[in-house]
>>> print(open('protein29.cif').read())   # mmCIF, C-alpha atoms, pLDDT in the B column; chains and numbers go by the auth columns
data_my_file
loop_
_atom_site.group_PDB
_atom_site.id
_atom_site.type_symbol
_atom_site.label_atom_id
_atom_site.label_comp_id
_atom_site.label_asym_id
_atom_site.label_seq_id
_atom_site.Cartn_x
_atom_site.Cartn_y
_atom_site.Cartn_z
_atom_site.B_iso_or_equiv
_atom_site.auth_seq_id
_atom_site.auth_asym_id
ATOM 1 C CA ASP A 1 107.448 114.108 83.612 66.00 1 A
ATOM 2 C CA ALA A 2 103.785 114.736 82.820 66.00 2 A
ATOM 3 C CA LYS A 3 101.472 114.925 85.815 88.00 3 A
ATOM 4 C CA THR A 4 98.647 112.440 86.121 94.00 4 A
ATOM 5 C CA THR A 5 95.219 112.755 87.719 95.00 5 A
ATOM 6 C CA GLN A 6 93.329 109.764 89.034 97.00 6 A
ATOM 7 C CA PRO A 7 90.162 109.385 91.124 97.00 7 A
ATOM 8 C CA THR A 8 90.950 108.841 94.773 96.00 8 A
ATOM 9 C CA SER A 9 88.873 105.705 95.119 97.00 9 A
ATOM 10 C CA MET A 10 86.581 103.364 93.222 98.00 10 A
ATOM 11 C CA ASP A 11 84.473 100.312 93.984 98.00 11 A
ATOM 12 C CA CYS A 12 83.775 97.455 91.625 97.00 12 A
ATOM 13 C CA ALA A 13 81.683 94.328 92.020 97.00 13 A
ATOM 14 C CA GLU A 14 83.500 91.029 91.928 97.00 14 A
ATOM 15 C CA GLY A 15 83.376 89.458 88.473 97.00 15 A
ATOM 16 C CA ARG A 16 82.724 92.750 86.734 97.00 16 A
ATOM 17 C CA ALA A 17 85.179 94.733 84.659 97.00 17 A
ATOM 18 C CA ALA A 18 87.028 97.412 86.596 98.00 18 A
ATOM 19 C CA ASN A 19 87.768 100.527 84.548 98.00 19 A
ATOM 20 C CA LEU A 20 90.318 102.871 86.083 98.00 20 A
ATOM 21 C CA PRO A 21 90.744 106.252 84.381 98.00 21 A
ATOM 22 C CA CYS A 22 93.820 108.436 84.281 97.00 22 A
ATOM 23 C CA ASN A 23 94.238 111.921 82.873 96.00 23 A
ATOM 24 C CA HIS A 24 97.623 113.019 81.563 95.00 24 A
ATOM 25 C CA SER A 25 96.782 116.043 79.453 94.00 25 A
ATOM 26 C CA THR A 26 100.365 117.374 79.398 92.00 26 A
ATOM 27 C CA ILE A 27 101.935 114.150 78.160 92.00 27 A
ATOM 28 C CA SER A 28 104.589 114.606 75.510 89.00 28 A
ATOM 29 C CA GLY A 29 105.184 112.506 72.442 87.00 29 A
ATOM 30 C CA ASN A 30 107.972 110.368 73.864 84.00 30 A
ATOM 31 C CA GLU A 31 106.334 109.595 77.197 88.00 31 A
ATOM 32 C CA TYR A 32 104.869 106.201 77.943 90.00 32 A
ATOM 33 C CA VAL A 33 101.960 105.442 80.253 93.00 33 A
ATOM 34 C CA TYR A 34 102.768 102.848 82.937 93.00 34 A
ATOM 35 C CA TRP A 35 100.385 101.220 85.392 96.00 35 A
ATOM 36 C CA TYR A 36 101.429 99.672 88.665 96.00 36 A
ATOM 37 C CA ARG A 37 99.399 98.487 91.629 97.00 37 A
ATOM 38 C CA GLN A 38 100.250 98.113 95.284 97.00 38 A
ATOM 39 C CA ILE A 39 98.493 95.600 97.442 95.00 39 A
ATOM 40 C CA HIS A 40 98.571 96.419 101.119 89.00 40 A
ATOM 41 C CA SER A 41 102.025 96.087 102.703 86.00 41 A
ATOM 42 C CA GLN A 42 103.676 94.915 99.487 93.00 42 A
ATOM 43 C CA GLY A 43 105.871 96.534 96.864 95.00 43 A
ATOM 44 C CA PRO A 44 104.297 97.865 93.660 95.00 44 A
ATOM 45 C CA GLN A 45 103.538 95.324 90.959 94.00 45 A
ATOM 46 C CA TYR A 46 103.950 96.172 87.284 92.00 46 A
ATOM 47 C CA ILE A 47 100.743 95.725 85.277 95.00 47 A
ATOM 48 C CA ILE A 48 101.100 97.149 81.785 95.00 48 A
ATOM 49 C CA HIS A 49 102.457 100.055 79.767 92.00 49 A
ATOM 50 C CA GLY A 50 101.914 101.644 76.374 93.00 50 A
ATOM 51 C CA LEU A 51 102.762 104.582 74.154 92.00 51 A
ATOM 52 C CA LYS A 52 99.798 105.190 71.861 92.00 52 A
ATOM 53 C CA ASN A 53 98.370 101.846 70.819 90.00 53 A
ATOM 54 C CA ASN A 54 96.033 99.882 73.035 95.00 54 A
ATOM 55 C CA GLU A 55 97.799 97.090 74.875 96.00 55 A
ATOM 56 C CA THR A 56 96.642 93.842 76.441 97.00 56 A
ATOM 57 C CA ASN A 57 98.387 91.249 78.556 95.00 57 A
ATOM 58 C CA GLU A 58 97.372 88.488 80.928 94.00 58 A
ATOM 59 C CA MET A 59 96.569 90.953 83.685 94.00 59 A
ATOM 60 C CA ALA A 60 94.816 93.850 82.018 97.00 60 A
ATOM 61 C CA SER A 61 94.118 96.019 78.999 98.00 61 A
ATOM 62 C CA LEU A 62 95.273 99.575 78.493 98.00 62 A
ATOM 63 C CA ILE A 63 93.215 101.907 76.350 98.00 63 A
ATOM 64 C CA ILE A 64 94.896 105.181 75.361 97.00 64 A
ATOM 65 C CA THR A 65 92.842 107.908 73.688 96.00 65 A
ATOM 66 C CA GLU A 66 93.881 109.083 70.266 95.00 66 A
ATOM 67 C CA ASP A 67 95.106 112.430 71.591 95.00 67 A
ATOM 68 C CA ARG A 68 96.951 110.535 74.388 96.00 68 A
ATOM 69 C CA LYS A 69 95.622 112.889 77.016 95.00 69 A
ATOM 70 C CA SER A 70 93.956 110.128 78.970 96.00 70 A
ATOM 71 C CA SER A 71 93.947 106.391 79.383 97.00 71 A
ATOM 72 C CA THR A 72 91.925 103.634 81.037 98.00 72 A
ATOM 73 C CA LEU A 73 93.176 100.499 82.705 98.00 73 A
ATOM 74 C CA ILE A 74 90.714 97.644 82.401 98.00 74 A
ATOM 75 C CA LEU A 75 90.707 94.586 84.655 98.00 75 A
ATOM 76 C CA PRO A 76 88.276 92.386 82.717 97.00 76 A
ATOM 77 C CA HIS A 77 86.973 90.189 85.525 95.00 77 A
ATOM 78 C CA ALA A 78 87.835 91.708 88.880 97.00 78 A
ATOM 79 C CA THR A 79 88.478 89.429 91.830 97.00 79 A
ATOM 80 C CA LEU A 80 88.888 90.209 95.513 97.00 80 A
ATOM 81 C CA ARG A 81 92.652 89.913 95.056 96.00 81 A
ATOM 82 C CA ASP A 82 92.555 92.937 92.736 97.00 82 A
ATOM 83 C CA THR A 83 91.809 95.208 95.688 98.00 83 A
ATOM 84 C CA ALA A 84 94.804 97.566 95.721 97.00 84 A
ATOM 85 C CA VAL A 85 96.016 101.089 95.023 97.00 85 A
ATOM 86 C CA TYR A 86 96.543 101.565 91.294 98.00 86 A
ATOM 87 C CA TYR A 87 99.113 104.074 90.056 97.00 87 A
ATOM 88 C CA CYS A 88 99.183 105.627 86.611 96.00 88 A
ATOM 89 C CA ILE A 89 102.621 107.033 85.762 93.00 89 A
ATOM 90 C CA VAL A 90 103.865 108.718 82.617 90.00 90 A
ATOM 91 C CA ARG A 91 107.552 108.668 81.911 84.00 91 A
ATOM 92 C CA VAL A 92 110.048 108.902 79.128 73.00 92 A
ATOM 93 C CA ALA A 93 111.355 105.400 78.581 62.00 93 A
ATOM 94 C CA THR A 94 114.583 104.419 76.871 57.00 94 A
ATOM 95 C CA SER A 95 116.301 101.123 76.244 53.00 95 A
ATOM 96 C CA PHE A 96 119.136 101.807 78.653 51.00 96 A
ATOM 97 C CA GLY A 97 117.741 104.666 80.661 51.00 97 A
ATOM 98 C CA ASN A 98 117.872 105.074 84.388 58.00 98 A
ATOM 99 C CA GLU A 99 114.442 106.607 84.455 73.00 99 A
ATOM 100 C CA LYS A 100 112.880 107.439 87.778 78.00 100 A
ATOM 101 C CA LEU A 101 109.220 106.752 88.470 84.00 101 A
ATOM 102 C CA THR A 102 107.193 109.450 90.181 86.00 102 A
ATOM 103 C CA PHE A 103 104.219 108.033 92.066 91.00 103 A
ATOM 104 C CA GLY A 104 101.103 110.117 92.605 90.00 104 A
ATOM 105 C CA THR A 105 98.373 109.258 95.074 91.00 105 A
ATOM 106 C CA GLY A 106 96.765 106.619 92.851 96.00 106 A
ATOM 107 C CA THR A 107 93.266 105.136 92.916 97.00 107 A
ATOM 108 C CA ARG A 108 92.251 102.870 95.757 97.00 108 A
ATOM 109 C CA LEU A 109 90.197 100.142 94.080 98.00 109 A
ATOM 110 C CA THR A 110 87.982 98.033 96.301 98.00 110 A
ATOM 111 C CA ILE A 111 86.428 94.891 94.875 98.00 111 A
ATOM 112 C CA ILE A 112 83.125 94.143 96.554 97.00 112 A
ATOM 113 C CA PRO A 113 81.923 90.541 96.926 96.00 113 A
ATOM 114 C CA GLY B 1 109.605 86.958 85.257 63.00 1 B
ATOM 115 C CA ALA B 2 111.929 89.511 86.810 69.00 2 B
ATOM 116 C CA VAL B 3 112.203 89.110 90.569 88.00 3 B
ATOM 117 C CA VAL B 4 113.553 91.576 93.085 93.00 4 B
ATOM 118 C CA SER B 5 114.126 90.379 96.632 94.00 5 B
ATOM 119 C CA GLN B 6 114.470 92.498 99.753 96.00 6 B
ATOM 120 C CA HIS B 7 115.803 91.438 103.106 96.00 7 B
ATOM 121 C CA PRO B 8 114.776 91.701 105.830 96.00 8 B
ATOM 122 C CA SER B 9 111.059 92.120 105.280 95.00 9 B
ATOM 123 C CA TRP B 10 110.549 93.470 108.769 96.00 10 B
ATOM 124 C CA VAL B 11 112.866 94.840 111.419 96.00 11 B
ATOM 125 C CA ILE B 12 112.406 96.397 114.825 96.00 12 B
ATOM 126 C CA CYS B 13 115.347 97.982 116.585 94.00 13 B
ATOM 127 C CA LYS B 14 116.285 100.491 119.239 96.00 14 B
ATOM 128 C CA SER B 15 116.887 104.159 118.568 96.00 15 B
ATOM 129 C CA GLY B 16 120.510 104.842 117.625 96.00 16 B
ATOM 130 C CA THR B 17 121.003 101.515 115.865 95.00 17 B
ATOM 131 C CA SER B 18 122.125 101.279 112.262 97.00 18 B
ATOM 132 C CA VAL B 19 120.047 99.033 110.014 97.00 19 B
ATOM 133 C CA LYS B 20 121.063 97.534 106.680 97.00 20 B
ATOM 134 C CA ILE B 21 118.508 96.573 104.041 97.00 21 B
ATOM 135 C CA GLU B 22 119.466 94.451 101.049 97.00 22 B
ATOM 136 C CA CYS B 23 117.941 94.556 97.570 96.00 23 B
ATOM 137 C CA ARG B 24 118.789 91.776 95.142 95.00 24 B
ATOM 138 C CA SER B 25 117.808 91.157 91.546 92.00 25 B
ATOM 139 C CA LEU B 26 117.442 87.379 91.423 91.00 26 B
ATOM 140 C CA ASP B 27 117.285 86.564 87.728 86.00 27 B
ATOM 141 C CA PHE B 28 118.695 89.635 86.019 85.00 28 B
ATOM 142 C CA GLN B 29 121.458 92.191 86.326 87.00 29 B
ATOM 143 C CA ALA B 30 120.811 95.831 87.108 86.00 30 B
ATOM 144 C CA THR B 31 123.270 98.709 86.872 83.00 31 B
ATOM 145 C CA THR B 32 120.683 100.916 88.516 87.00 32 B
ATOM 146 C CA MET B 33 118.405 100.319 91.453 92.00 33 B
ATOM 147 C CA PHE B 34 116.073 102.773 93.135 93.00 34 B
ATOM 148 C CA TRP B 35 115.228 103.221 96.801 96.00 35 B
ATOM 149 C CA TYR B 36 111.826 104.534 97.877 96.00 36 B
ATOM 150 C CA ARG B 37 110.267 105.304 101.218 97.00 37 B
ATOM 151 C CA GLN B 38 106.569 105.146 102.018 96.00 38 B
ATOM 152 C CA PHE B 39 104.922 106.504 105.154 95.00 39 B
ATOM 153 C CA PRO B 40 101.491 105.222 106.220 91.00 40 B
ATOM 154 C CA LYS B 41 98.665 106.213 103.872 89.00 41 B
ATOM 155 C CA GLN B 42 101.072 108.071 101.610 92.00 42 B
ATOM 156 C CA SER B 43 102.523 107.346 98.201 93.00 43 B
ATOM 157 C CA LEU B 44 106.030 106.154 97.439 94.00 44 B
ATOM 158 C CA MET B 45 108.710 108.825 97.519 94.00 45 B
ATOM 159 C CA LEU B 46 111.991 108.278 95.712 93.00 46 B
ATOM 160 C CA MET B 47 114.962 108.625 98.040 95.00 47 B
ATOM 161 C CA ALA B 48 117.920 107.834 95.838 93.00 48 B
ATOM 162 C CA THR B 49 119.178 106.178 92.697 90.00 49 B
ATOM 163 C CA SER B 50 121.798 103.521 93.267 88.00 50 B
ATOM 164 C CA ASN B 51 124.405 103.087 90.541 85.00 51 B
ATOM 165 C CA GLU B 52 126.671 100.046 90.360 84.00 52 B
ATOM 166 C CA GLY B 53 130.281 100.998 90.882 83.00 53 B
ATOM 167 C CA SER B 54 129.649 104.666 91.553 85.00 54 B
ATOM 168 C CA LYS B 55 128.066 107.029 94.052 88.00 55 B
ATOM 169 C CA ALA B 56 124.343 107.097 94.541 91.00 56 B
ATOM 170 C CA THR B 57 122.269 110.081 93.494 90.00 57 B
ATOM 171 C CA TYR B 58 120.062 111.405 96.269 94.00 58 B
ATOM 172 C CA GLU B 59 116.790 113.279 95.919 92.00 59 B
ATOM 173 C CA GLN B 60 116.471 116.722 97.401 92.00 60 B
ATOM 174 C CA GLY B 61 115.983 116.628 101.141 94.00 61 B
ATOM 175 C CA VAL B 62 117.404 113.130 101.625 95.00 62 B
ATOM 176 C CA GLU B 63 120.525 113.079 103.791 94.00 63 B
ATOM 177 C CA LYS B 64 123.227 111.042 102.114 93.00 64 B
ATOM 178 C CA ASP B 65 125.135 110.589 105.386 95.00 65 B
ATOM 179 C CA LYS B 66 122.006 109.276 107.032 96.00 66 B
ATOM 180 C CA PHE B 67 121.019 106.851 104.285 97.00 67 B
ATOM 181 C CA LEU B 68 124.134 105.117 102.999 96.00 68 B
ATOM 182 C CA ILE B 69 123.767 103.300 99.701 94.00 69 B
ATOM 183 C CA ASN B 70 126.201 100.755 98.317 91.00 70 B
ATOM 184 C CA HIS B 71 125.787 99.066 94.945 90.00 71 B
ATOM 185 C CA ALA B 72 128.790 96.794 94.789 83.00 72 B
ATOM 186 C CA SER B 73 127.560 94.330 92.194 90.00 73 B
ATOM 187 C CA LEU B 74 125.065 94.096 89.359 89.00 74 B
ATOM 188 C CA THR B 75 122.641 92.158 91.542 92.00 75 B
ATOM 189 C CA LEU B 76 122.919 93.774 94.967 94.00 76 B
ATOM 190 C CA SER B 77 122.286 97.210 96.419 94.00 77 B
ATOM 191 C CA THR B 78 122.179 97.967 100.130 96.00 78 B
ATOM 192 C CA LEU B 79 120.610 100.809 102.066 97.00 79 B
ATOM 193 C CA THR B 80 121.929 101.476 105.556 97.00 80 B
ATOM 194 C CA VAL B 81 119.924 103.726 107.842 97.00 81 B
ATOM 195 C CA THR B 82 122.543 105.063 110.225 97.00 82 B
ATOM 196 C CA SER B 83 121.739 105.986 113.817 96.00 83 B
ATOM 197 C CA ALA B 84 118.075 105.361 113.192 95.00 84 B
ATOM 198 C CA HIS B 85 115.446 107.291 115.152 95.00 85 B
ATOM 199 C CA PRO B 86 111.686 106.813 115.461 96.00 86 B
ATOM 200 C CA GLU B 87 111.030 109.295 112.654 95.00 87 B
ATOM 201 C CA ASP B 88 112.924 106.963 110.316 96.00 88 B
ATOM 202 C CA SER B 89 110.279 104.306 110.843 97.00 89 B
ATOM 203 C CA SER B 90 108.788 103.650 107.434 97.00 90 B
ATOM 204 C CA PHE B 91 108.306 101.154 104.611 97.00 91 B
ATOM 205 C CA TYR B 92 111.428 101.043 102.433 98.00 92 B
ATOM 206 C CA ILE B 93 111.112 99.641 98.915 97.00 93 B
ATOM 207 C CA CYS B 94 113.672 99.072 96.192 96.00 94 B
ATOM 208 C CA SER B 95 113.237 98.595 92.463 94.00 95 B
ATOM 209 C CA ALA B 96 115.452 97.552 89.573 90.00 96 B
ATOM 210 C CA ARG B 97 115.349 97.101 85.845 81.00 97 B
ATOM 211 C CA ASP B 98 117.071 94.539 83.701 77.00 98 B
ATOM 212 C CA LEU B 99 120.421 95.758 82.336 71.00 99 B
ATOM 213 C CA ILE B 100 119.698 93.952 79.114 69.00 100 B
ATOM 214 C CA PRO B 101 116.144 94.800 78.107 60.00 101 B
ATOM 215 C CA ARG B 102 114.391 91.848 76.573 58.00 102 B
ATOM 216 C CA VAL B 103 111.555 94.018 75.445 59.00 103 B
ATOM 217 C CA ASN B 104 111.617 97.670 74.556 57.00 104 B
ATOM 218 C CA ASN B 105 111.039 99.995 77.477 64.00 105 B
ATOM 219 C CA GLN B 106 111.047 97.177 79.986 71.00 106 B
ATOM 220 C CA PRO B 107 109.514 98.332 83.278 81.00 107 B
ATOM 221 C CA GLN B 108 111.052 98.444 86.707 86.00 108 B
ATOM 222 C CA HIS B 109 110.313 95.663 89.130 89.00 109 B
ATOM 223 C CA PHE B 110 109.915 96.192 92.840 94.00 110 B
ATOM 224 C CA GLY B 111 110.843 94.272 95.932 95.00 111 B
ATOM 225 C CA ASP B 112 108.245 93.518 98.582 95.00 112 B
ATOM 226 C CA GLY B 113 109.605 96.186 100.879 96.00 113 B
ATOM 227 C CA THR B 114 111.120 96.333 104.354 97.00 114 B
ATOM 228 C CA ARG B 115 109.079 97.623 107.235 97.00 115 B
ATOM 229 C CA LEU B 116 111.373 99.403 109.659 97.00 116 B
ATOM 230 C CA SER B 117 110.207 100.241 113.160 97.00 117 B
ATOM 231 C CA ILE B 118 112.490 102.207 115.466 96.00 118 B
ATOM 232 C CA LEU B 119 111.608 102.171 119.147 94.00 119 B
#
>>> encode(input="protein29.cif", output="structure tokens")
Amino acid sequence: DAKTTQPTSMDCAEGRAANLPCNHSTISGNEYVYWYRQIHSQGPQYIIHGLKNNETNEMASLIITEDRKSSTLILPHATLRDTAVYYCIVRVATSFGNEKLTFGTGTRLTIIP
Amino acid sequence: GAVVSQHPSWVICKSGTSVKIECRSLDFQATTMFWYRQFPKQSLMLMATSNEGSKATYEQGVEKDKFLINHASLTLSTLTVTSAHPEDSSFYICSARDLIPRVNNQPQHFGDGTRLSIL
């Protein structure tokens, strides 16, 4: 699986958009970008994933660069409950695969009142 | 949405005790579940892949006789920490994915974890 690089920590003011970057320069053509977050003492929560097109759901938007070597997770209006560690993971995904997820160190996002 | 439940959420026991942790998929079936371990201020580390009806696949360095995994049905996998010692104290988390994907490349969903403390 391609390795990802994320900043160790970030702060964001409450109500502002939080933009979390992720570099995955060695990503291959069949690898998806997944984002999860982990709030303290809980299991990871799935946020969003994409292959090459930008994606949006009720939680966030995912912007993937044209060369797919990096991506940005956007939380449009951050709240205090968005304080968590955010993990960017790239992985080959199949319809019936038993794919493992490899977690890096992630970005610790702190939302400031 | 897909829900994965773990039980217990927290357990404290004496050294030498065996502890069983359950992972259930509540509204979907999963042929494969994953078990992770997380030490304080560290990331999740995959321990093993649990396969329904067959033997689990363990990651390098994980003792299969120490961490017994049973996946007897499409909705339940169990992890038993045998003869637990203080160094086994950790946060154990399972994940699963729907056997029948409703969307392409459906993601894994995680339980809320079990915090194990061995005295």
>>> interface_residues(input="protein29.cif", of="chain B", to="chain A", cutoff="12 Å", atoms="all atoms listed in the file", output="PyMOL selection string")
chain B and resi 1-6+9-10+30-52+57-59+90-115
>>> atom_distance(input="protein29.cif", atom1="CA of Glu63 in chain B", atom2="CA of Ser18 in chain B")
14.6 Å
>>> closest_residue(input="protein29.cif", among="B:Ile118, B:Leu79, B:Ala84, B:Leu74", to="Asp27 in chain B", atoms="all atoms listed in the file")
B:Leu74
>>> atom_distance(input="protein29.cif", atom1="CA of Ser77 in chain B", atom2="CA of Gly53 in chain B")
10.4 Å
>>> residues_around(input="protein29.cif", residues="Leu75 in chain A", least_positions_apart="6", cutoff="8 Å", atoms="only C-alpha atoms", output="ChimeraX atom specification")
/A:17-19,59-61
>>> resolve_selection(input="protein29.cif", expression="the PyMOL selection byres ((chain A and resi 20) around 8)", output="list of chain:residue names")
A:Ala18, A:Asn19, A:Pro21, A:Cys22, A:Thr72, A:Leu73, A:Ile74, A:Thr107
>>> resolve_selection(input="protein29.cif", expression="the PyMOL selection byres ((chain B and resi 82) around 8)", output="JSON, numbers by chain")
{"B": [16, 17, 18, 19, 65, 66, 67, 68, 80, 81, 83, 84]}
>>> residues_around(input="protein29.cif", residues="Leu76 in chain B", least_positions_apart="6", cutoff="8 Å", atoms="only C-alpha atoms", output="PDB file with C-alpha atoms, in the frame of the given file")
ATOM      1  CA  GLU B  22     119.466  94.451 101.049  1.00 97.00           C
ATOM      2  CA  CYS B  23     117.941  94.556  97.570  1.00 96.00           C
ATOM      3  CA  ARG B  24     118.789  91.776  95.142  1.00 95.00           C
ATOM      4  CA  SER B  25     117.808  91.157  91.546  1.00 92.00           C
TER       5      SER B  25
END
>>> resolve_selection(input="protein29.cif", expression="the PyMOL selection byres ((chain A and resi 69) around 7)", output="compact mmCIF listing (two decimals) with C-alpha atoms, keeping the file's coordinate frame")
# COMPACT_ATOMS: atom_id res chain seq x y z
CA ASN A 23 94.24 111.92 82.87
CA HIS A 24 97.62 113.02 81.56
CA SER A 25 96.78 116.04 79.45
CA THR A 26 100.36 117.37 79.40
CA ILE A 27 101.94 114.15 78.16
CA THR A 65 92.84 107.91 73.69
CA ASP A 67 95.11 112.43 71.59
CA ARG A 68 96.95 110.54 74.39
CA SER A 70 93.96 110.13 78.97
>>> closest_residue(input="protein29.cif", among="A:Lys52, A:Lys3, A:Arg16, A:Arg81", to="Arg37 in chain A", atoms="only C-alpha atoms")
A:Arg81
>>> atom_distance(input="protein29.cif", atom1="CA of Ile112 in chain A", atom2="CA of Ala78 in chain A")
9.3 Å
>>> residues_near_point(input="protein29.cif", point="(93.6, 94.5, 98.2)", cutoff="9 Å", atoms="all atoms listed in the file", output="MDAnalysis selection string")
chainID A and resid 38:40 80:85 108:111
>>> axis_aligned_box(input="protein29.cif", around="range 65-70 of chain A", padding_each_side="8 Å", output="AutoDock Vina command-line options")
--center_x 94.9 --center_y 110.4 --center_z 74.6 --size_x 20.1 --size_y 21.0 --size_z 24.7
